[in-house]
Structures are given as C-alpha cells and as structure tokens.
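Trainee: Dumping the structure here so I can ask a few things about it.
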Amino acid sequence: MHENVKLIGHRILTYWSYFWIGLFTLIGGVYISLHLNYLDDPRVTAPPPPAAWERLSFGFADDWWFALLFTFAGVVLLIGVFNDSRWFRNVGLVLVAPLYGALAYAFIVRGLFDYRFNLTWVFAFLAIGWVIETALRGDWQDD
C-alpha cells in the first residue's frame, strides 16, 4: 500500500501540469453537473434575460452534455497521470483544449459584449494557455 501511494505521488510530481489540468477540469465538470443552468439564475444573470443571440452563444456552458465532456476530459487526463500513459495525457489535452476555448468564448460574450460583469473569460484563457504550453513542452521525462 505504501509503495502504491509513493508511486502515485511520484507520478503526480512527474506529470504535474497534466494532473492539475485534469483535476480542475474534472472538478469543473462535476460543478457544472451539480449546478445545471446556473447562468439562467437571476442571481447570476440579472434581468432582463440575455438576447437570443447571446443565449445561443453561451447557452451550452451550463448544459449537462458540456459538463459530461468536461468531466470526461478531466478523467482521461488523470488516467494518463495515474497510469503513466503518455497516450492518455496527450488525448486528454486534445479533448480539453477546445472545451476551455468554448468556455472562454461563452464568457467573453457575457463579460465583454454585455453589461454583466464577469472575469471568468480571463481564467478560461489562462487555462487555454496552460494547456497549449503543456502540450508543446510535454514533461521533462517525455521522449
């Protein structure tokens, strides 16, 4: 048991970028799943409701299928970390990059082109940069 914990700790330290991206992508997917349609809540989106074009632009960001994709991508990355699988880590990054891009787009529409104040798009772009940097650099141990 102690050796397994030590091995998992070593893999987390070795693939820390993948681990953190995977973990917080998984957490984000679960959070969206537990708070479906949170953007429609009047405490989040003050009345009047968003225009139809806006709703079409960001409506997916709080839907079940987006949460499922987000959760799946996080799990794939974590499988890659815990199983020391470069293939899973690479596939996870390919899955997660467009999801964070879509999230950034959704919150750009809400944060820049609307009167609703929101900085989530800044953090989504940060995540995209981290995903791209990790994909380009890889880990020190990768071939």
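Ligands are numbered from 1 in the order shown, chains are lettered A, B, ... in the order of the structure tokens, and residues start at 1 in each chain.
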Got a sec: who's within 9 Å of stretch 84-98 of chain A, counting only C-alpha atoms, leaving out chain neighbours fewer than 2 positions off, as number ranges by chain?

Mentor: A: 11, 15, 18, 21-22, 25, 69-70, 72-82, 100-103, 127-128, 131-132, 134-135, 138, 142

Trainee: Identify all residues of stretch 17-114 of chain A in helix (DSSP H, G or I) (DSSP on the backbone) and supply them as an NGL selection string.

Mentor: :A and (17-34 or 38-40 or 52-62 or 64-82 or 86-112)

Trainee: Measuring between only C-alpha atoms, which one of A:Ala67, A:Leu13, A:Ala61, A:Met1 shows the shortest distance to A:Thr120?

Mentor: A:Ala61

Trainee: If I take atom CA of A:Thr14 and atom CA of A:Ala124, how far is one from the other in Å, to one decimal?

Mentor: 24.4 Å

Trainee: Which residue, A:Val109, A:Leu36, A:Ile27, A:Val122, has the smallest gap to A:Arg55 when you use only C-alpha atoms?

Mentor: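 Counting only C-alpha atoms, the residue closest to A:Arg55 is A:Val109.
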